[in-house]
Amino acid sequence: MGATALSGTGGAMRTLRDGRLERPVALVAVLAIGAFLLLPSGGVAQTVAATVCFALPPVVLGMRTFDLQGAARRRVRLLFAASTVYGIAMGIWYLALAVGRPVGFPSPLDLVFFAVFCGYLAFLALVLRDRSPTGALDSRLALVDSLILTTAACAVIWVTLIRPTLADGATPAATIVALAYPGFSIAMVMVAGRLVAATGTLRTRSGVLILLWVGAEAVGDVVYGRQMTSGNFQYSSAVTALWLVACGALATLAARTDPSAVVQGVRVVRHGPMWTAMRQLVPLVSALVPFALALFDPSHAGAMVLGGLVSFCLVTWRAGMLQGDLTDARQLTERLDRAVEELAAQRDELELLAFSDPLTGLANRARFTEDLLAALSSRPGAAADAGPGVCVLMLDLDDFKVVNDSLGHGAGDALLAAVAARVQDVVAGRGTVARLGGDEFGVLLPGASQESGVSVAAAIVGVLEQPFPVEGRLLHTAASIGVAVVQPGEDVQTAMRAADLAMYAAKSAGRGAVRVFETPLLERAQSRLELESHLRRAVERSELVVEYQPMVDLRTGEVASIEALVRWHHPSWGVVPPDRFIPAAESTGTIVGIGEWVLRRACLDAVELNRGRELPLAVTVNVSVRQAQDVGFAATVRRALADTGLPPARLVLEVTESLVMDSSATAASTIRELAELGVALSIDDFGAGHSSLVRLRALPVRELKIDGDLVRHLDADATTRPIVTAIVALGRALGLVVIAEGVEEPDQLEAVRELGCDLAQGYLLARPAPRDALDLGTRFARAGGGRVRGPAVSRPPCPCPWGSP
């Protein structure tokens with residue numbers, strides 16, 4: 001039974017929520033009113049019909065309270081309580097009439113009705129406060145206005161309707177009660193009218209039902225008061241039916257929607273100045289009505305003057321509320337003005353932070369980009385030959401990192417600020433100067449030609465050559481500047497890219513250089529990008545191979561060692577030269593992965609080549625600076641040796657002079673760990689750079705490889721032979737193996753042999769070849785590079801540390 005009851009209640013709630021009870025409730029109300037009017041007066045059937053009408057609002061509102069939450073539920077509960085008390089009071093009144101003992105007038109039941117009217121007024125005022133544009137102020141003004149108008153209306157009703165028909169012997173209490181009924185009802189009409197007018201619900205069904213509810217109640221109460229004071233009230237008259245109409249309208253409204261939200265979804269009406277003027281004028285005019293009635297009929301002077309005084313007290317109260325509201329509004333306006341000023345200041349500050357560099361005070365990248373976009377959009381679609389365009393300069397300080405590393409970031413920041421000031425002085429309002437980030441600056445020159453852009457760049461280079469006094473020191477710096485001129489209509493990225501490419505070309509050209517963007521720069525950059533993209537997938541696609549070039553012992557003519565050289569066989573491009581892809585691999589970092597793969601491949605091949613050889617070969621593997629600076633490089637070498645089984649003494653790592661001279665902790669630690677492994681180090685291209693002999697003596701270096709360019713110029717340049725002689729002597733003094741690379745002519749071979757080199761390497765002796773194509777059984781003749789089959793002649797062994805088994 002319980003579940004069935006709950007299910008039925010839930011179904012009723014859903015029906016009510018969907019608004020499907022509106023028509024049934026309205027139909028019941030109409031039938032009850034019709035029965036009341038048609039049934040015999042004072043009978044039980046007529047009483048039942050009236051009771052049905054009075055019971056409809058509490059029933060529907062009670063169901064509605066279960067469907068609501070929060071403030072809406074509290075509002076509807078107030079209306080439910082008032083309508084329930086009203087229905088009970090009316091039921092008592094008609095029940096007393098039916099049993100032949102009618103309630104007298106006045107009676108305590110009248111106070112119950114007045115309490116009900118107060119509940120109705122409170123509900124309407126709360127809804128007005130919730131739904132009107134001005135909220136609580138509007139609800140308070142509506143209540144005061146309704147009291148003023150009610151006072152005026154009651155004065156008119158008293159003079160025209162009640163006082164002329166007042167029965168002889170009517171008590172003051174009866175008179176007051178008779179006048180109170182229309183007073184409360186008219187106040188309800190005033191507040192409800194203000195509600196529907198302020199919210200634009202007058203022409204909606206909900207607005208009509210509200211006005212029908214309070215209007216029917218008000219008309220019925222006015223006529224009721226007149227009839228009760230005259231003593232001719234008829235319980236079953238059409239006037240009584242007006243109360244039933246009011247109850248039916250309230251029940252239909254509750255069945256239609258939540259009565260506390262009848263204006264939800266309705267557009268709030270913005271009235272014009274005429275409406276505002278009327279709202280202020282009508283209460284003032286209404287307050288004069290009682291005094292006017294006292295002038296026309298002095299017999300009512302006492303009561304009318306009293307009513308007029310009440311009205312003017314209400315008008316004064318209303319003016320005080322408006323004055324307080326105006327004061328609050330002025331204070332609010334002042335606070336809003338201050339808030340607007342603060343927001344404007346904050347906006348300016350945020351804009352300054354968003355578009356300026358805090359260190360130098362210059363524009364930042366965002367502002368530079370915006371200004372460049374504006375300059376490029378000035379004449380969209382302009383032809384390329386339209387004359388001066390937009391000149392963009394990209395400026396990067398040379399060796400700025402040295403200042404930060406040696407003197408600290410404070411000195412670096414001071415230098416950046418000083419550089420910014422000098423560049424700004426050079427540009428001198430002709431364009432935008434911005435710090436784009438780090439030690440990179442940008443200059444935008446709208447309407448400038450290439451010549452003027454180069455002139456500005458040269459002037460900047462000139463002023464930056466002067467020393468900068470920073471923290472008690474004179475610091476020197478220079479800038480590499482790229483210049484690009486683009487025509488309006490181009491996009492920002494194109495302009496920035498062109499200037500960037502020109503700047504990188506300037507940095508490659510040397511300290512303090514200026515370069516202008518040219519189309520080949522872009523083509524090379526795009527080619528480099530495509531090369532790097534393919535290179536990242538070369539290892540996994542097995543496009544890289546390792547070839548080996550023998551190094552020949554110049555005393556015995558036998559192959560003493562081999563050098564591993566990586567080659568890239570691209571499926572579309574063919575063989576890509578190492579001097580093309582190795583720099584790209586170094587710049588992108590892919591050289592680390594490629595180098596590890598080459599190292600493992602070379603160790604494996606060396607193990608295979610040494611199987612059964614009486615005199616094992618060593619394998620030389622090139623190591624890039626990027627690899628050697630990796631903190632895990634020594635561990636990588638250790639794993640490769642352990643996994644392949646190659647003895648450390650058979651591995652030679654070929655490094656550059658710059659790496660050997662690197663005094664950083666990482667480089668020193670890497671070299672030390674490699675020495676502890678027993679791996680030999682070889683300095684490649686010795687003589688092409690600069691080396692510290694003290695450091696060279698202290699490091700575990702075992703080989704010096706003479707730069708091939710020196711070998712090729714032994715005969716052509718008379719100054720080259722003494723240099724090579726000195727290098728050989730240095731190697732001898734340090735106990736190092738000296739290798740001559742790049743031997744391509746017989747005369748070169750004979751020369752390096754005469755100078756005392758231990759090993760030689762070059763195309764004359766052998767070209768690089770895959771492991772399986774190597775000819776390691778060939779003995780090279782002493783002269784001319786000819787090859788001789790058979791056992792090697794007996795000669796003193798090469799002083800190679802890896803020459804013994």
# chains A, B, ... in the order shown; residues from 1 in each chain; ligands from 1

$ residues_around --residues "Ala459 in chain A" --least-positions-apart "5" --cutoff "12 Å" --atoms "only C-alpha atoms" --output "MDAnalysis selection string"
chainID A and resid 422:428 452:454 464:466 478:479 481 512:514

$ select_by_dssp --residues "range 533-714 of chain A" --states "helix (DSSP H, G or I)" --output "VMD selection string"
chain A and resid 533 to 535 578 to 588 590 to 609 625 to 628 633 to 644 648 to 650 657 to 661 665 to 677 693 to 698 708 to 712

$ closest_residue --among "A:Leu393, A:Leu710, A:Leu436, A:Ala769" --to "Phe355 in chain A" --atoms "only C-alpha atoms"
A:Leu436

$ atom_distance --atom1 "CA of Leu78 in chain A" --atom2 "CA of Tyr120 in chain A"
8.1 Å

$ closest_residue --among "A:Leu704, A:Ala495, A:Leu609, A:Ala766" --to "Gly442 in chain A" --atoms "only C-alpha atoms"
A:Ala495

$ atom_distance --atom1 "CA of Leu212 in chain A" --atom2 "CA of Phe54 in chain A"
15.5 Å
